[in-house]
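File shown: model-v8.tsv (TSV, C-alpha atoms).
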chain	number	residue	atom	x	y	z
A	1	MET	CA	115.73	95.14	87.17
A	2	SER	CA	115.60	91.40	86.68
A	3	GLY	CA	113.00	90.03	89.12
A	4	PHE	CA	110.04	87.84	88.21
A	5	LEU	CA	107.84	90.82	89.08
A	6	THR	CA	109.40	94.21	88.43
A	7	VAL	CA	107.81	97.57	89.14
A	8	GLU	CA	109.93	100.38	87.75
A	9	ASN	CA	109.46	104.11	88.26
A	10	LEU	CA	105.74	103.68	88.93
A	11	ALA	CA	103.75	106.90	89.29
A	12	VAL	CA	100.09	106.81	90.33
A	13	LYS	CA	97.59	109.52	91.13
A	14	VAL	CA	94.33	108.92	92.97
A	15	GLY	CA	92.44	112.11	93.80
A	16	SER	CA	94.80	114.19	95.91
A	17	PHE	CA	97.15	111.23	96.55
A	18	GLU	CA	100.28	110.90	94.42
A	19	LEU	CA	103.10	108.38	94.41
A	20	SER	CA	106.03	108.74	92.03
A	21	ASP	CA	109.19	106.90	91.00
A	22	PHE	CA	108.38	103.80	93.05
A	23	SER	CA	110.40	100.72	92.09
A	24	PHE	CA	110.87	97.23	93.48
A	25	GLU	CA	111.15	93.62	92.35
A	26	ILE	CA	110.24	90.15	93.57
A	27	ALA	CA	112.20	87.03	92.65
A	28	GLU	CA	110.37	84.00	91.30
A	29	GLY	CA	108.85	82.01	94.16
A	30	GLU	CA	109.58	84.74	96.72
A	31	CYS	CA	107.05	86.28	99.10
A	32	LEU	CA	107.61	90.01	99.58
A	33	SER	CA	105.79	91.75	102.43
A	34	LEU	CA	105.07	95.39	101.58
A	35	MET	CA	104.64	97.45	104.74
A	36	GLY	CA	103.93	101.04	105.62
A	37	PRO	CA	101.53	103.33	107.47
A	38	SER	CA	97.93	103.84	106.39
A	39	GLY	CA	97.71	106.16	103.41
A	40	CYS	CA	101.22	105.53	102.09
A	41	GLY	CA	99.91	103.80	98.94
A	42	LYS	CA	100.46	100.08	99.61
A	43	THR	CA	97.04	99.00	98.37
A	44	THR	CA	97.18	101.49	95.49
A	45	VAL	CA	100.41	99.88	94.26
A	46	MET	CA	98.86	96.42	94.55
A	47	GLU	CA	95.75	97.47	92.66
A	48	ALA	CA	97.93	98.92	89.90
A	49	ILE	CA	99.79	95.60	89.64
A	50	CYS	CA	96.50	93.68	89.54
A	51	GLY	CA	95.12	95.95	86.79
A	52	LEU	CA	92.16	97.12	88.84
A	53	ARG	CA	92.87	100.81	88.36
A	54	ASN	CA	94.85	101.28	85.15
A	55	GLU	CA	93.58	104.85	84.86
A	56	TRP	CA	95.53	105.75	88.00
A	57	ILE	CA	98.91	104.96	86.41
A	58	GLN	CA	100.66	108.10	85.22
A	59	ALA	CA	104.05	106.59	84.36
A	60	GLY	CA	106.27	103.58	84.90
A	61	GLU	CA	106.36	99.94	83.89
A	62	ILE	CA	105.11	96.70	85.45
A	63	CYS	CA	106.53	93.40	84.16
A	64	LEU	CA	105.58	89.87	85.22
A	65	GLY	CA	107.53	86.84	84.07
A	66	GLY	CA	109.34	88.91	81.46
A	67	GLU	CA	106.13	90.35	79.95
A	68	GLU	CA	105.06	93.94	80.33
A	69	ILE	CA	101.55	93.99	81.80
A	70	THR	CA	101.18	97.72	82.57
A	71	GLY	CA	98.28	98.24	80.19
A	72	LEU	CA	96.68	94.80	80.23
A	73	PRO	CA	93.17	94.26	81.65
A	74	ALA	CA	93.01	92.55	85.03
A	75	GLY	CA	91.86	89.19	83.65
A	76	ALA	CA	94.80	88.90	81.27
A	77	ARG	CA	97.57	89.36	83.84
A	78	GLY	CA	97.71	85.97	85.53
A	79	VAL	CA	97.38	87.55	88.97
A	80	GLY	CA	95.33	86.10	91.84
A	81	LEU	CA	94.04	88.52	94.48
A	82	VAL	CA	92.80	87.97	98.04
A	83	PRO	CA	91.39	91.39	99.02
A	84	GLN	CA	90.97	92.83	102.49
A	85	ASP	CA	87.19	92.64	102.24
A	86	ILE	CA	86.43	88.99	101.54
A	87	VAL	CA	83.44	88.73	99.20
A	88	LEU	CA	82.10	85.25	98.49
A	89	PHE	CA	79.13	84.53	96.25
A	90	PRO	CA	76.24	83.76	98.63
A	91	THR	CA	74.54	81.17	96.40
A	92	MET	CA	77.71	79.21	95.52
A	93	THR	CA	79.13	76.36	97.58
A	94	VAL	CA	82.76	76.23	98.62
A	95	ARG	CA	83.36	73.69	95.84
A	96	GLU	CA	81.81	76.04	93.27
A	97	HIS	CA	84.03	78.89	94.44
A	98	LEU	CA	87.12	76.75	93.85
A	99	GLU	CA	85.78	75.62	90.46
A	100	PHE	CA	84.78	79.10	89.34
A	101	GLY	CA	87.99	80.30	87.64
A	102	PRO	CA	88.89	77.01	85.93
A	103	ARG	CA	85.32	76.62	84.62
A	104	LEU	CA	85.37	80.18	83.31
A	105	HIS	CA	88.62	79.44	81.47
A	106	GLY	CA	87.36	76.22	79.93
A	107	TRP	CA	89.32	73.66	81.89
A	108	ARG	CA	88.34	70.03	81.37
A	109	ARG	CA	86.15	68.45	84.04
A	110	LYS	CA	88.87	66.06	85.23
A	111	ALA	CA	91.43	68.85	85.56
A	112	ILE	CA	88.94	70.94	87.57
A	113	ALA	CA	88.17	68.03	89.90
A	114	GLU	CA	91.87	67.36	90.47
A	115	ARG	CA	92.55	71.04	91.17
A	116	VAL	CA	89.67	71.29	93.64
A	117	GLU	CA	90.84	68.15	95.41
A	118	GLY	CA	94.38	69.50	95.75
A	119	LEU	CA	93.27	72.90	96.98
A	120	SER	CA	90.74	71.54	99.45
A	121	GLU	CA	93.36	69.19	100.87
A	122	GLY	CA	95.98	71.93	101.24
A	123	LEU	CA	93.54	74.42	102.74
A	124	GLY	CA	91.67	72.04	105.00
A	125	LEU	CA	88.38	72.58	103.18
A	126	GLY	CA	87.48	68.96	102.46
A	127	ASP	CA	84.60	68.87	104.95
A	128	LEU	CA	83.24	72.25	103.78
A	129	LEU	CA	82.98	71.74	100.02
A	130	GLU	CA	79.18	71.51	99.94
A	131	ARG	CA	78.67	74.40	102.38
A	132	LEU	CA	77.43	77.86	101.40
A	133	PRO	CA	79.34	80.94	102.65
A	134	GLN	CA	76.66	81.76	105.20
A	135	GLY	CA	77.83	80.33	108.49
A	136	LEU	CA	81.51	79.97	107.54
A	137	SER	CA	83.89	81.40	110.12
A	138	GLY	CA	86.18	84.29	109.23
A	139	GLY	CA	89.14	81.94	108.92
A	140	GLU	CA	87.21	79.49	106.74
A	141	SER	CA	86.05	82.31	104.45
A	142	ARG	CA	89.61	83.50	104.00
A	143	ARG	CA	90.76	79.98	103.15
A	144	VAL	CA	88.04	79.77	100.49
A	145	ALA	CA	89.08	83.15	99.08
A	146	LEU	CA	92.70	82.00	98.97
A	147	GLY	CA	91.70	78.80	97.19
A	148	ARG	CA	89.66	80.76	94.66
A	149	ALA	CA	92.64	83.04	93.99
A	150	LEU	CA	95.02	80.10	93.57
A	151	ALA	CA	92.70	77.92	91.46
A	152	LEU	CA	94.03	79.10	88.10
A	153	ARG	CA	97.65	78.73	89.23
A	154	PRO	CA	98.40	82.46	88.95
A	155	SER	CA	101.89	83.73	88.16
A	156	LEU	CA	101.52	86.18	91.06
A	157	LEU	CA	99.44	86.00	94.25
A	158	CYS	CA	98.46	89.30	95.89
A	159	LEU	CA	97.33	89.41	99.51
A	160	ASP	CA	95.89	92.76	100.63
A	161	GLU	CA	95.58	92.83	104.43
A	162	ALA	CA	93.93	89.44	103.89
A	163	LEU	CA	93.98	88.53	107.60
A	164	SER	CA	92.43	91.67	109.04
A	165	GLY	CA	89.57	91.16	111.47
A	166	LEU	CA	90.57	87.67	112.63
A	167	ASP	CA	91.00	86.95	116.33
A	168	GLU	CA	94.49	86.02	117.50
A	169	ALA	CA	94.00	82.24	117.41
A	170	ARG	CA	92.41	82.22	113.94
A	171	HIS	CA	94.98	84.75	112.67
A	172	GLU	CA	97.91	82.46	113.46
A	173	GLU	CA	96.09	79.41	112.09
A	174	VAL	CA	95.25	81.06	108.76
A	175	LEU	CA	98.70	82.67	108.49
A	176	THR	CA	100.35	79.27	108.90
A	177	MET	CA	97.97	77.83	106.28
A	178	ILE	CA	98.80	80.64	103.81
A	179	ARG	CA	102.54	80.20	104.31
A	180	GLY	CA	102.16	76.48	103.67
A	181	MET	CA	100.15	77.03	100.49
A	182	ILE	CA	102.64	79.59	99.13
A	183	GLU	CA	105.43	77.04	99.60
A	184	ARG	CA	103.33	74.18	98.23
A	185	GLU	CA	102.23	76.10	95.13
A	186	LYS	CA	105.65	77.77	94.69
A	187	VAL	CA	103.77	80.96	93.82
A	188	THR	CA	105.43	84.38	93.75
A	189	THR	CA	103.58	86.52	96.30
A	190	LEU	CA	103.09	90.19	97.15
A	191	HIS	CA	101.77	90.57	100.70
A	192	VAL	CA	100.49	93.98	101.81
A	193	THR	CA	100.26	94.42	105.57
A	194	HIS	CA	100.66	96.91	108.40
A	195	SER	CA	101.72	94.17	110.84
A	196	LEU	CA	105.45	93.61	111.33
A	197	ALA	CA	104.84	90.26	113.05
A	198	GLU	CA	102.72	89.09	110.09
A	199	ALA	CA	105.30	90.35	107.59
A	200	ARG	CA	108.09	88.51	109.37
A	201	MET	CA	106.13	85.25	109.50
A	202	LEU	CA	104.90	85.29	105.91
A	203	GLY	CA	107.48	87.25	103.93
A	204	ASP	CA	110.90	86.14	102.74
A	205	ARG	CA	111.73	89.83	102.57
A	206	ILE	CA	110.15	93.05	103.85
A	207	LEU	CA	109.93	96.33	101.96
A	208	GLU	CA	108.81	99.40	103.90
A	209	MET	CA	107.09	102.33	102.20
A	210	GLY	CA	107.43	105.79	103.73
For the file at hand, write its structure as structure tokens.
Amino acid sequence: MSGFLTVENLAVKVGSFELSDFSFEIAEGECLSLMGPSGCGKTTVMEAICGLRNEWIQAGEICLGGEEITGLPAGARGVGLVPQDIVLFPTMTVREHLEFGPRLHGWRRKAIAERVEGLSEGLGLGDLLERLPQGLSGGESRRVALGRALALRPSLLCLDEALSGLDEARHEEVLTMIRGMIEREKVTTLHVTHSLAEARMLGDRILEMG
């Protein structure tokens, strides 16, 4: 396999659930939508790629940008995650959420300010930077979570049912925003969803799990 992200012969076991010999790849800059019914292992595969559950991996290899990352801790993989359950820090402003990763990794102040400016512009967060999460709409919270995940310019962006719970109007608005940011950032993306319409709108390609 020669993709930017390659998952080869992955086997995971979580309690009574088992998935074996699962392989796929994503080209650099591509957005792959991973679909399938509840319980088929979509989120489990994503969590294995993100390094959240290394103990679940029984066999197989995960490579990102030519480097094997199968055994690396989550923070060393260069992967940004927007989970299904959006969790924002209640005492941090929107600006501080966008600054969080770069500050943690020792970016210079000017570089952090430039990154926050670019993200807030692309995500339509300019008027919300001094706001706390309390009172943000569902769509606004998801845009903040996406900005936080993109702040460190990850090699891979993972979206796990990141639009669940939004009403129809907000869903389309945020989906359009995400598609725009993926293209703007040129970030390779794995998008887990159960929605065919969402997969078609966001993904360059769709992979269905049984």
Legend entry - Option closest in space to A:Gly135, from A:Ile57, A:Ile206, A:Val7, A:Leu88 [counting only C-alpha atoms]: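 Ranking A:Ile57, A:Ile206, A:Val7, A:Leu88 by distance to A:Gly135, first place goes to A:Leu88.
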Inset, instruction - Pick out the closest residue to A:Cys50 from this set: A:Ala76, A:Val94, A:Ala151, A:Ala27. Count all atoms listed in the file. - result: A:Ala76
Inset, instruction - Tell me which of A:Gly101, A:Gly203, A:Gly139, A:Gly3 sits closest to A:Ile62, counting only C-alpha atoms. - result: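 For A:Ile62, the nearest of the given residues is A:Gly3.
Those residues positioned at most 12 Å from (92.6, 90.1, 110.3) are Pro83, Gln84, Asp85, Ile86, Gly138, Gly139, Ser141, Arg142, Leu159, Asp160, Glu161, Ala162, Leu163, Ser164, Gly165, Leu166, Asp167, Glu168, Ala169, Arg170, His171, Glu172, Glu173, Val174, Leu175, Thr193, His194, Ser195 and Glu198 of chain A, judged using all atoms listed in the file.
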Legend entry - Atomic separation - atom CA of A:Ala199 relative to atom CA of A:Ser23, Å: 19.3 Å
Inset, instruction - Measuring atom to atom with all atoms listed in the file, identify which of A:Glu30, A:Trp56, A:Arg153, A:Met35 is nearest to A:Phe17. - result: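 Of A:Glu30, A:Trp56, A:Arg153, A:Met35, the one nearest A:Phe17, counting all atoms listed in the file, is A:Trp56.
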Inset, instruction - Give the answer as one residue: which of A:Pro73, A:Gly122, A:Pro133, A:Gly39 has the shortest atom-to-atom distance to A:Met209, using only C-alpha atoms? - result: A:Gly39
Legend entry - Pick from A:Gly60, A:Gly80, A:Pro90, A:Gly180 nearest to A:Val12, counting only C-alpha atoms: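 That would be A:Gly60, the residue with the smallest distance to A:Val12.
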Inset, instruction - Give me, please, the distance in Å between atom CA of A:Thr188 and atom CA of A:Val116, quoted to one decimal. - result: 20.5 Å
Legend entry - Between atom CA of A:Trp107 and atom CA of A:Leu72 - distance in Å to one decimal: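 About the pair atom CA of A:Leu72 and atom CA of A:Trp107: they are 22.4 Å apart.
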Legend entry - Spatial neighbours of A:Met92, 10 Å, all atoms listed in the file, chain gap at least 6 places, as a PyMOL selection string: chain A and resi 98+100+130-133
Inset, instruction - Tell me which protein, DNA and RNA residues are within 10 Å of A:Gly78, counting all atoms listed in the file, leaving out same-chain ones fewer than 5 positions away, and put them as a list in words. - result: Cys50, Leu64, Gly65, Ile69, Leu152, Arg153, Pro154, Ser155, Leu156 and Leu157 of chain A
Inset, instruction - Using only C-alpha atoms, give me every residue within 6 Å of (105.4, 89.1, 95.7) in file coordinates, as a ChimeraX atom specification. - result: /A:26,31-32,188-190
